[in-house]
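> Below is the file target.pdb, which contains PDB, N, CA and C atoms, pLDDT in the B column.
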```pdb
ATOM      1  N   MET A  12      77.169 145.086 103.313  1.00 78.00           N
ATOM      2  CA  MET A  12      78.433 144.403 103.156  1.00 78.00           C
ATOM      3  C   MET A  12      79.583 145.293 103.613  1.00 78.00           C
ATOM      4  N   ARG A  13      79.465 146.582 103.332  1.00 82.00           N
ATOM      5  CA  ARG A  13      80.508 147.528 103.736  1.00 82.00           C
ATOM      6  C   ARG A  13      80.597 147.630 105.250  1.00 82.00           C
ATOM      7  N   ALA A  14      79.459 147.546 105.923  1.00 85.00           N
ATOM      8  CA  ALA A  14      79.465 147.607 107.387  1.00 85.00           C
ATOM      9  C   ALA A  14      80.195 146.392 107.964  1.00 85.00           C
ATOM     10  N   LEU A  15      79.989 145.228 107.370  1.00 81.00           N
ATOM     11  CA  LEU A  15      80.685 144.022 107.819  1.00 81.00           C
ATOM     12  C   LEU A  15      82.193 144.165 107.597  1.00 81.00           C
ATOM     13  N   TYR A  16      82.572 144.694 106.448  1.00 81.00           N
ATOM     14  CA  TYR A  16      83.990 144.900 106.158  1.00 81.00           C
ATOM     15  C   TYR A  16      84.608 145.875 107.168  1.00 81.00           C
ATOM     16  N   ASN A  17      83.910 146.947 107.467  1.00 85.00           N
ATOM     17  CA  ASN A  17      84.422 147.924 108.442  1.00 85.00           C
ATOM     18  C   ASN A  17      84.517 147.309 109.836  1.00 85.00           C
ATOM     19  N   TRP A  18      83.553 146.472 110.195  1.00 86.00           N
ATOM     20  CA  TRP A  18      83.590 145.832 111.512  1.00 86.00           C
ATOM     21  C   TRP A  18      84.788 144.893 111.610  1.00 86.00           C
ATOM     22  N   ILE A  19      85.026 144.108 110.565  1.00 82.00           N
ATOM     23  CA  ILE A  19      86.179 143.202 110.552  1.00 82.00           C
ATOM     24  C   ILE A  19      87.474 143.994 110.554  1.00 82.00           C
ATOM     25  N   ASP A  20      87.510 145.087 109.807  1.00 81.00           N
ATOM     26  CA  ASP A  20      88.710 145.903 109.705  1.00 81.00           C
ATOM     27  C   ASP A  20      89.085 146.549 111.035  1.00 81.00           C
ATOM     28  N   ARG A  21      88.103 146.861 111.862  1.00 87.00           N
ATOM     29  CA  ARG A  21      88.354 147.540 113.136  1.00 87.00           C
ATOM     30  C   ARG A  21      88.258 146.617 114.352  1.00 87.00           C
ATOM     31  N   SER A  22      88.124 145.338 114.131  1.00 87.00           N
ATOM     32  CA  SER A  22      87.946 144.387 115.218  1.00 87.00           C
ATOM     33  C   SER A  22      89.243 144.213 116.012  1.00 87.00           C
ATOM     34  N   GLU A  23      89.177 144.465 117.302  1.00 90.00           N
ATOM     35  CA  GLU A  23      90.347 144.328 118.170  1.00 90.00           C
ATOM     36  C   GLU A  23      90.799 142.867 118.334  1.00 90.00           C
ATOM     37  N   PRO A  24      89.878 141.886 118.501  1.00 89.00           N
ATOM     38  CA  PRO A  24      90.347 140.496 118.596  1.00 89.00           C
ATOM     39  C   PRO A  24      91.080 140.020 117.343  1.00 89.00           C
ATOM     40  N   ILE A  25      90.590 140.414 116.179  1.00 86.00           N
ATOM     41  CA  ILE A  25      91.256 140.013 114.933  1.00 86.00           C
ATOM     42  C   ILE A  25      92.616 140.704 114.835  1.00 86.00           C
ATOM     43  N   LYS A  26      92.670 141.968 115.239  1.00 87.00           N
ATOM     44  CA  LYS A  26      93.932 142.705 115.237  1.00 87.00           C
ATOM     45  C   LYS A  26      94.947 142.037 116.171  1.00 87.00           C
ATOM     46  N   GLY A  27      94.494 141.623 117.342  1.00 89.00           N
ATOM     47  CA  GLY A  27      95.374 140.937 118.287  1.00 89.00           C
ATOM     48  C   GLY A  27      95.845 139.591 117.752  1.00 89.00           C
ATOM     49  N   LEU A  28      94.947 138.855 117.096  1.00 85.00           N
ATOM     50  CA  LEU A  28      95.305 137.562 116.510  1.00 85.00           C
ATOM     51  C   LEU A  28      96.362 137.724 115.419  1.00 85.00           C
ATOM     52  N   ILE A  29      96.198 138.728 114.588  1.00 82.00           N
ATOM     53  CA  ILE A  29      97.166 138.963 113.513  1.00 82.00           C
ATOM     54  C   ILE A  29      98.523 139.366 114.094  1.00 82.00           C
ATOM     55  N   LYS A  30      98.534 140.217 115.109  1.00 84.00           N
ATOM     56  CA  LYS A  30      99.803 140.613 115.738  1.00 84.00           C
ATOM     57  C   LYS A  30     100.480 139.424 116.395  1.00 84.00           C
ATOM     58  N   TRP A  31      99.699 138.612 117.127  1.00 84.00           N
ATOM     59  CA  TRP A  31     100.270 137.449 117.799  1.00 84.00           C
ATOM     60  C   TRP A  31     100.828 136.453 116.794  1.00 84.00           C
ATOM     61  N   SER A  32     100.062 136.151 115.750  1.00 79.00           N
ATOM     62  CA  SER A  32     100.531 135.171 114.764  1.00 79.00           C
ATOM     63  C   SER A  32     101.738 135.701 113.995  1.00 79.00           C
ATOM     64  N   SER A  33     101.782 136.992 113.744  1.00 78.00           N
ATOM     65  CA  SER A  33     102.923 137.570 113.037  1.00 78.00           C
ATOM     66  C   SER A  33     104.198 137.461 113.858  1.00 78.00           C
ATOM     67  N   THR A  34     104.125 137.794 115.144  1.00 80.00           N
ATOM     68  CA  THR A  34     105.330 137.708 115.975  1.00 80.00           C
ATOM     69  C   THR A  34     105.730 136.254 116.223  1.00 80.00           C
ATOM     70  N   THR A  35     104.773 135.379 116.395  1.00 79.00           N
ATOM     71  CA  THR A  35     105.076 133.970 116.630  1.00 79.00           C
ATOM     72  C   THR A  35     105.680 133.327 115.391  1.00 79.00           C
ATOM     73  N   LEU A  36     105.074 133.551 114.236  1.00 77.00           N
ATOM     74  CA  LEU A  36     105.574 132.936 113.010  1.00 77.00           C
ATOM     75  C   LEU A  36     106.868 133.573 112.531  1.00 77.00           C
ATOM     76  N   ALA A  37     107.116 134.846 112.872  1.00 77.00           N
ATOM     77  CA  ALA A  37     108.369 135.477 112.468  1.00 77.00           C
ATOM     78  C   ALA A  37     109.546 134.838 113.187  1.00 77.00           C
ATOM     79  N   SER A  38     109.344 134.435 114.427  1.00 80.00           N
ATOM     80  CA  SER A  38     110.437 133.800 115.167  1.00 80.00           C
ATOM     81  C   SER A  38     110.545 132.310 114.879  1.00 80.00           C
ATOM     82  N   GLN A  39     109.489 131.706 114.354  1.00 81.00           N
ATOM     83  CA  GLN A  39     109.478 130.266 114.036  1.00 81.00           C
ATOM     84  C   GLN A  39     108.940 130.073 112.623  1.00 81.00           C
ATOM     85  N   ARG A  40     109.721 130.538 111.645  1.00 79.00           N
ATOM     86  CA  ARG A  40     109.230 130.540 110.259  1.00 79.00           C
ATOM     87  C   ARG A  40     108.971 129.151 109.699  1.00 79.00           C
ATOM     88  N   GLY A  41     109.667 128.156 110.161  1.00 84.00           N
ATOM     89  CA  GLY A  41     109.498 126.815 109.623  1.00 84.00           C
ATOM     90  C   GLY A  41     108.371 126.023 110.255  1.00 84.00           C
ATOM     91  N   LEU A  42     107.730 126.585 111.278  1.00 88.00           N
ATOM     92  CA  LEU A  42     106.684 125.863 112.002  1.00 88.00           C
ATOM     93  C   LEU A  42     105.515 125.422 111.114  1.00 88.00           C
ATOM     94  N   PRO A  43     104.970 126.272 110.242  1.00 88.00           N
ATOM     95  CA  PRO A  43     103.870 125.796 109.388  1.00 88.00           C
ATOM     96  C   PRO A  43     104.282 124.667 108.446  1.00 88.00           C
ATOM     97  N   VAL A  44     105.503 124.711 107.944  1.00 90.00           N
ATOM     98  CA  VAL A  44     105.958 123.659 107.032  1.00 90.00           C
ATOM     99  C   VAL A  44     106.134 122.345 107.801  1.00 90.00           C
ATOM    100  N   ILE A  45     106.674 122.410 109.020  1.00 93.00           N
ATOM    101  CA  ILE A  45     106.801 121.211 109.852  1.00 93.00           C
ATOM    102  C   ILE A  45     105.413 120.651 110.178  1.00 93.00           C
ATOM    103  N   ALA A  46     104.476 121.540 110.501  1.00 93.00           N
ATOM    104  CA  ALA A  46     103.104 121.097 110.785  1.00 93.00           C
ATOM    105  C   ALA A  46     102.494 120.439 109.546  1.00 93.00           C
ATOM    106  N   ALA A  47     102.776 120.984 108.366  1.00 95.00           N
ATOM    107  CA  ALA A  47     102.262 120.381 107.131  1.00 95.00           C
ATOM    108  C   ALA A  47     102.837 118.991 106.920  1.00 95.00           C
ATOM    109  N   LEU A  48     104.117 118.809 107.232  1.00 96.00           N
ATOM    110  CA  LEU A  48     104.716 117.480 107.111  1.00 96.00           C
ATOM    111  C   LEU A  48     104.073 116.491 108.081  1.00 96.00           C
ATOM    112  N   VAL A  49     103.801 116.950 109.303  1.00 96.00           N
ATOM    113  CA  VAL A  49     103.152 116.082 110.291  1.00 96.00           C
ATOM    114  C   VAL A  49     101.755 115.685 109.810  1.00 96.00           C
ATOM    115  N   PHE A  50     101.001 116.649 109.287  1.00 97.00           N
ATOM    116  CA  PHE A  50      99.657 116.344 108.779  1.00 97.00           C
ATOM    117  C   PHE A  50      99.718 115.385 107.586  1.00 97.00           C
ATOM    118  N   THR A  51     100.727 115.538 106.743  1.00 97.00           N
ATOM    119  CA  THR A  51     100.864 114.654 105.588  1.00 97.00           C
ATOM    120  C   THR A  51     101.166 113.224 106.020  1.00 97.00           C
ATOM    121  N   VAL A  52     102.065 113.054 106.990  1.00 97.00           N
ATOM    122  CA  VAL A  52     102.375 111.716 107.498  1.00 97.00           C
ATOM    123  C   VAL A  52     101.152 111.125 108.202  1.00 97.00           C
ATOM    124  N   LEU A  53     100.449 111.945 108.974  1.00 97.00           N
ATOM    125  CA  LEU A  53      99.224 111.488 109.628  1.00 97.00           C
ATOM    126  C   LEU A  53      98.188 111.052 108.594  1.00 97.00           C
ATOM    127  N   SER A  54      98.104 111.806 107.506  1.00 97.00           N
ATOM    128  CA  SER A  54      97.187 111.445 106.426  1.00 97.00           C
ATOM    129  C   SER A  54      97.563 110.103 105.804  1.00 97.00           C
ATOM    130  N   LEU A  55      98.859 109.866 105.639  1.00 97.00           N
ATOM    131  CA  LEU A  55      99.302 108.584 105.089  1.00 97.00           C
ATOM    132  C   LEU A  55      98.888 107.430 105.991  1.00 97.00           C
ATOM    133  N   VAL A  56      99.050 107.611 107.292  1.00 97.00           N
ATOM    134  CA  VAL A  56      98.653 106.566 108.237  1.00 97.00           C
ATOM    135  C   VAL A  56      97.144 106.322 108.161  1.00 97.00           C
ATOM    136  N   VAL A  57      96.373 107.399 108.105  1.00 97.00           N
ATOM    137  CA  VAL A  57      94.913 107.262 108.027  1.00 97.00           C
ATOM    138  C   VAL A  57      94.510 106.594 106.712  1.00 97.00           C
ATOM    139  N   HIS A  58      95.198 106.914 105.613  1.00 96.00           N
ATOM    140  CA  HIS A  58      94.880 106.275 104.338  1.00 96.00           C
ATOM    141  C   HIS A  58      95.200 104.782 104.355  1.00 96.00           C
ATOM    142  N   VAL A  59      96.291 104.404 105.005  1.00 97.00           N
ATOM    143  CA  VAL A  59      96.612 102.982 105.117  1.00 97.00           C
ATOM    144  C   VAL A  59      95.548 102.262 105.934  1.00 97.00           C
ATOM    145  N   ILE A  60      95.123 102.885 107.035  1.00 96.00           N
ATOM    146  CA  ILE A  60      94.055 102.294 107.854  1.00 96.00           C
ATOM    147  C   ILE A  60      92.767 102.179 107.042  1.00 96.00           C
ATOM    148  N   ALA A  61      92.479 103.205 106.248  1.00 95.00           N
ATOM    149  CA  ALA A  61      91.266 103.172 105.421  1.00 95.00           C
ATOM    150  C   ALA A  61      91.348 102.068 104.367  1.00 95.00           C
ATOM    151  N   ALA A  62      92.530 101.864 103.798  1.00 95.00           N
ATOM    152  CA  ALA A  62      92.677 100.816 102.785  1.00 95.00           C
ATOM    153  C   ALA A  62      92.530  99.430 103.407  1.00 95.00           C
ATOM    154  N   LEU A  63      93.051  99.258 104.608  1.00 96.00           N
ATOM    155  CA  LEU A  63      92.955  97.956 105.264  1.00 96.00           C
ATOM    156  C   LEU A  63      91.550  97.652 105.769  1.00 96.00           C
ATOM    157  N   SER A  64      90.847  98.706 106.206  1.00 95.00           N
ATOM    158  CA  SER A  64      89.507  98.489 106.760  1.00 95.00           C
ATOM    159  C   SER A  64      88.402  98.655 105.722  1.00 95.00           C
ATOM    160  N   ASN A  65      88.751  99.198 104.551  1.00 93.00           N
ATOM    161  CA  ASN A  65      87.779  99.423 103.485  1.00 93.00           C
ATOM    162  C   ASN A  65      86.624 100.305 103.964  1.00 93.00           C
ATOM    163  N   ASN A  66      86.976 101.358 104.723  1.00 93.00           N
ATOM    164  CA  ASN A  66      85.991 102.264 105.288  1.00 93.00           C
ATOM    165  C   ASN A  66      86.061 103.610 104.559  1.00 93.00           C
ATOM    166  N   VAL A  67      84.937 104.035 104.010  1.00 94.00           N
ATOM    167  CA  VAL A  67      84.895 105.265 103.233  1.00 94.00           C
ATOM    168  C   VAL A  67      85.048 106.493 104.133  1.00 94.00           C
ATOM    169  N   ILE A  68      84.475 106.477 105.315  1.00 95.00           N
ATOM    170  CA  ILE A  68      84.538 107.637 106.220  1.00 95.00           C
ATOM    171  C   ILE A  68      85.975 107.888 106.660  1.00 95.00           C
ATOM    172  N   VAL A  69      86.712 106.832 106.958  1.00 95.00           N
ATOM    173  CA  VAL A  69      88.118 106.982 107.345  1.00 95.00           C
ATOM    174  C   VAL A  69      88.915 107.529 106.159  1.00 95.00           C
ATOM    175  N   SER A  70      88.589 107.085 104.965  1.00 95.00           N
ATOM    176  CA  SER A  70      89.250 107.590 103.764  1.00 95.00           C
ATOM    177  C   SER A  70      88.982 109.077 103.567  1.00 95.00           C
ATOM    178  N   LEU A  71      87.756 109.502 103.795  1.00 96.00           N
ATOM    179  CA  LEU A  71      87.429 110.925 103.684  1.00 96.00           C
ATOM    180  C   LEU A  71      88.176 111.754 104.729  1.00 96.00           C
ATOM    181  N   CYS A  72      88.324 111.211 105.932  1.00 96.00           N
ATOM    182  CA  CYS A  72      89.105 111.897 106.964  1.00 96.00           C
ATOM    183  C   CYS A  72      90.561 112.039 106.524  1.00 96.00           C
ATOM    184  N   GLY A  73      91.081 111.001 105.897  1.00 95.00           N
ATOM    185  CA  GLY A  73      92.454 111.056 105.385  1.00 95.00           C
ATOM    186  C   GLY A  73      92.634 112.130 104.330  1.00 95.00           C
ATOM    187  N   PHE A  74      91.662 112.235 103.423  1.00 96.00           N
ATOM    188  CA  PHE A  74      91.736 113.279 102.403  1.00 96.00           C
ATOM    189  C   PHE A  74      91.614 114.667 103.016  1.00 96.00           C
ATOM    190  N   GLY A  75      90.781 114.817 104.027  1.00 97.00           N
ATOM    191  CA  GLY A  75      90.655 116.109 104.713  1.00 97.00           C
ATOM    192  C   GLY A  75      91.944 116.509 105.402  1.00 97.00           C
ATOM    193  N   ILE A  76      92.581 115.549 106.075  1.00 97.00           N
ATOM    194  CA  ILE A  76      93.849 115.825 106.747  1.00 97.00           C
ATOM    195  C   ILE A  76      94.925 116.177 105.724  1.00 97.00           C
ATOM    196  N   LEU A  77      94.945 115.469 104.607  1.00 97.00           N
ATOM    197  CA  LEU A  77      95.925 115.749 103.564  1.00 97.00           C
ATOM    198  C   LEU A  77      95.763 117.162 103.017  1.00 97.00           C
ATOM    199  N   HIS A  78      94.538 117.546 102.720  1.00 97.00           N
ATOM    200  CA  HIS A  78      94.307 118.882 102.178  1.00 97.00           C
ATOM    201  C   HIS A  78      94.605 119.971 103.212  1.00 97.00           C
ATOM    202  N   LEU A  79      94.328 119.711 104.466  1.00 96.00           N
ATOM    203  CA  LEU A  79      94.693 120.661 105.516  1.00 96.00           C
ATOM    204  C   LEU A  79      96.208 120.821 105.581  1.00 96.00           C
ATOM    205  N   GLY A  80      96.933 119.733 105.485  1.00 96.00           N
ATOM    206  CA  GLY A  80      98.388 119.794 105.481  1.00 96.00           C
ATOM    207  C   GLY A  80      98.936 120.563 104.290  1.00 96.00           C
ATOM    208  N   ILE A  81      98.359 120.332 103.123  1.00 96.00           N
ATOM    209  CA  ILE A  81      98.790 121.065 101.922  1.00 96.00           C
ATOM    210  C   ILE A  81      98.528 122.555 102.088  1.00 96.00           C
ATOM    211  N   PHE A  82      97.368 122.916 102.608  1.00 95.00           N
ATOM    212  CA  PHE A  82      97.030 124.330 102.813  1.00 95.00           C
ATOM    213  C   PHE A  82      97.992 124.981 103.802  1.00 95.00           C
ATOM    214  N   ILE A  83      98.266 124.313 104.912  1.00 92.00           N
ATOM    215  CA  ILE A  83      99.175 124.868 105.913  1.00 92.00           C
ATOM    216  C   ILE A  83     100.581 125.001 105.335  1.00 92.00           C
ATOM    217  N   GLY A  84     101.010 124.022 104.561  1.00 92.00           N
ATOM    218  CA  GLY A  84     102.335 124.091 103.945  1.00 92.00           C
ATOM    219  C   GLY A  84     102.467 125.244 102.974  1.00 92.00           C
ATOM    220  N   PHE A  85     101.481 125.412 102.105  1.00 92.00           N
ATOM    221  CA  PHE A  85     101.519 126.540 101.171  1.00 92.00           C
ATOM    222  C   PHE A  85     101.475 127.871 101.908  1.00 92.00           C
ATOM    223  N   LEU A  86     100.663 127.950 102.939  1.00 88.00           N
ATOM    224  CA  LEU A  86     100.578 129.178 103.719  1.00 88.00           C
ATOM    225  C   LEU A  86     101.920 129.480 104.389  1.00 88.00           C
ATOM    226  N   GLY A  87     102.571 128.452 104.920  1.00 85.00           N
ATOM    227  CA  GLY A  87     103.875 128.641 105.545  1.00 85.00           C
ATOM    228  C   GLY A  87     104.928 129.120 104.553  1.00 85.00           C
ATOM    229  N   VAL A  88     104.913 128.554 103.363  1.00 86.00           N
ATOM    230  CA  VAL A  88     105.876 128.972 102.338  1.00 86.00           C
ATOM    231  C   VAL A  88     105.597 130.407 101.898  1.00 86.00           C
ATOM    232  N   LEU A  89     104.333 130.742 101.739  1.00 85.00           N
ATOM    233  CA  LEU A  89     103.984 132.092 101.312  1.00 85.00           C
ATOM    234  C   LEU A  89     104.287 133.141 102.376  1.00 85.00           C
ATOM    235  N   LEU A  90     104.153 132.781 103.649  1.00 80.00           N
ATOM    236  CA  LEU A  90     104.386 133.744 104.726  1.00 80.00           C
ATOM    237  C   LEU A  90     105.840 133.822 105.170  1.00 80.00           C
ATOM    238  N   ALA A  91     106.679 132.896 104.771  1.00 77.00           N
ATOM    239  CA  ALA A  91     108.057 132.873 105.238  1.00 77.00           C
ATOM    240  C   ALA A  91     108.822 134.127 104.812  1.00 77.00           C
ATOM    241  N   GLU A  92     108.641 134.559 103.601  1.00 76.00           N
ATOM    242  CA  GLU A  92     109.381 135.720 103.114  1.00 76.00           C
ATOM    243  C   GLU A  92     108.857 137.039 103.685  1.00 76.00           C
ATOM    244  N   PRO A  93     107.538 137.308 103.688  1.00 72.00           N
ATOM    245  CA  PRO A  93     107.076 138.598 104.213  1.00 72.00           C
ATOM    246  C   PRO A  93     107.323 138.772 105.714  1.00 72.00           C
ATOM    247  N   LEU A  94     107.356 137.682 106.471  1.00 66.00           N
ATOM    248  CA  LEU A  94     107.554 137.813 107.912  1.00 66.00           C
ATOM    249  C   LEU A  94     108.984 138.147 108.272  1.00 66.00           C
ATOM    250  N   GLY A  95     109.923 137.874 107.407  1.00 64.00           N
ATOM    251  CA  GLY A  95     111.307 138.233 107.665  1.00 64.00           C
ATOM    252  C   GLY A  95     112.012 137.236 108.568  1.00 64.00           C
ATOM    253  N   ARG A  96     113.150 137.664 109.080  1.00 62.00           N
ATOM    254  CA  ARG A  96     114.023 136.796 109.868  1.00 62.00           C
ATOM    255  C   ARG A  96     113.606 136.649 111.318  1.00 62.00           C
ATOM    256  N   GLY A  97     112.783 137.492 111.839  1.00 55.00           N
ATOM    257  CA  GLY A  97     112.306 137.325 113.210  1.00 55.00           C
ATOM    258  C   GLY A  97     113.146 137.854 114.265  1.00 55.00           C
TER     259      GLY A  97
END
```
Kindly present the structure from the file in structure tokens form.

Amino acid sequence: MRALYNWIDRSEPIKGLIKWSSTTLASQRGLPVIAALVFTVLSLVVHVIAALSNNVIVSLCGFGILHLGIFIGFLGVLLAEPLGRG
């Protein structure tokens, strides 16, 4: 397990991803929250379609989209302060 942790800790692609996301999100701090709002509205549309069609699979997709939106929104709120003004 320690070897896996060391590999992840020293991984150049992960390091590059973290640097890129940090600089991108620092300049556009509201982007995750806007994306969460879009996912929430999309989820509402999918839920309405699921209610009209009485399809369980479409309903499950709606719940998945909703939870993804909630996760992205919370992540955006949590990262807004540590990333600073950009």
> Looking at only N, CA and C atoms, which of A:Ser22, A:Gly73, A:Leu28, A:Arg40 is the one that sits closest to A:Ala61?
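Counting only N, CA and C atoms, the residue closest to A:Ala61 is A:Gly73.
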> If you measure from atom C of A:Phe85 to atom CA of A:Ala47, what distance in Å do you get, rounded to one decimal?
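For atom C of A:Phe85 relative to atom CA of A:Ala47, the distance reads 9.2 Å.
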> Can you work out which one of A:Ser33, A:Ser64, A:Ser70, A:Thr51 has the shortest atom-to-atom distance to A:Ile83, counting only C-alpha atoms?
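Result for the nearest residue to A:Ile83: A:Thr51.
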> Got a sec to resolve the PyMOL selection byres (((chain A and resi 74 and name CA) around 12) and name CA) on this structure and send the residues as a list in words?
Phe50, Thr51, Val52, Leu53, Ser54, Leu55, Val56, Val57, His58, Val59, Ala61, Val67, Ile68, Val69, Ser70, Leu71, Cys72, Gly73, Gly75, Ile76, Leu77, His78, Leu79, Gly80 and Ile81 of chain A
> I'd like the neighbourhood of A:Pro43 as a list in words, where a residue qualifies if any of its atoms comes within 8 Å (using all atoms listed in the file), though same-chain residues fewer than 6 positions away should be ignored.
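With the cut-off at 8 Å, the set is Leu36, Val49, Gly80, Phe82, Ile83, Gly84, Phe85, Leu86, Gly87 and Val88 of chain A.
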> What does the distance from atom CA of A:Thr34 to atom CA of A:Trp18 come to in Å, to one decimal?
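That distance, rounded to one decimal, is 23.6 Å.
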> Just give me the gap between atom C of A:Asp20 and atom N of A:Val44 in Å, one decimal is fine.
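Computing the Euclidean distance for atom C of A:Asp20 and atom N of A:Val44 yields 27.5 Å.
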> Would you mind putting back N, CA, C and O atoms on stretch 31-44 of chain A, then writing it out as a tab-separated table (two decimals), in the frame of the given file?

```
chain	number	residue	atom	x	y	z
A	31	TRP	N	99.70	138.61	117.13
A	31	TRP	CA	100.27	137.45	117.80
A	31	TRP	C	100.83	136.45	116.79
A	31	TRP	O	101.94	135.95	116.96
A	32	SER	N	100.06	136.15	115.75
A	32	SER	CA	100.53	135.17	114.76
A	32	SER	C	101.74	135.70	114.00
A	32	SER	O	102.65	134.94	113.66
A	33	SER	N	101.78	136.99	113.74
A	33	SER	CA	102.92	137.57	113.04
A	33	SER	C	104.20	137.46	113.86
A	33	SER	O	105.24	137.05	113.35
A	34	THR	N	104.12	137.79	115.14
A	34	THR	CA	105.33	137.71	115.98
A	34	THR	C	105.73	136.25	116.22
A	34	THR	O	106.91	135.94	116.24
A	35	THR	N	104.77	135.38	116.40
A	35	THR	CA	105.08	133.97	116.63
A	35	THR	C	105.68	133.33	115.39
A	35	THR	O	106.70	132.63	115.47
A	36	LEU	N	105.07	133.55	114.24
A	36	LEU	CA	105.57	132.94	113.01
A	36	LEU	C	106.87	133.57	112.53
A	36	LEU	O	107.66	132.92	111.85
A	37	ALA	N	107.12	134.85	112.87
A	37	ALA	CA	108.37	135.48	112.47
A	37	ALA	C	109.55	134.84	113.19
A	37	ALA	O	110.63	134.70	112.62
A	38	SER	N	109.34	134.44	114.43
A	38	SER	CA	110.44	133.80	115.17
A	38	SER	C	110.54	132.31	114.88
A	38	SER	O	111.58	131.70	115.14
A	39	GLN	N	109.49	131.71	114.35
A	39	GLN	CA	109.48	130.27	114.04
A	39	GLN	C	108.94	130.07	112.62
A	39	GLN	O	107.87	129.51	112.42
A	40	ARG	N	109.72	130.54	111.64
A	40	ARG	CA	109.23	130.54	110.26
A	40	ARG	C	108.97	129.15	109.70
A	40	ARG	O	108.13	128.97	108.84
A	41	GLY	N	109.67	128.16	110.16
A	41	GLY	CA	109.50	126.82	109.62
A	41	GLY	C	108.37	126.02	110.26
A	41	GLY	O	108.08	124.91	109.83
A	42	LEU	N	107.73	126.58	111.28
A	42	LEU	CA	106.68	125.86	112.00
A	42	LEU	C	105.52	125.42	111.11
A	42	LEU	O	105.09	124.27	111.20
A	43	PRO	N	104.97	126.27	110.24
A	43	PRO	CA	103.87	125.80	109.39
A	43	PRO	C	104.28	124.67	108.45
A	43	PRO	O	103.50	123.75	108.20
A	44	VAL	N	105.50	124.71	107.94
A	44	VAL	CA	105.96	123.66	107.03
A	44	VAL	C	106.13	122.34	107.80
A	44	VAL	O	105.76	121.28	107.31
```
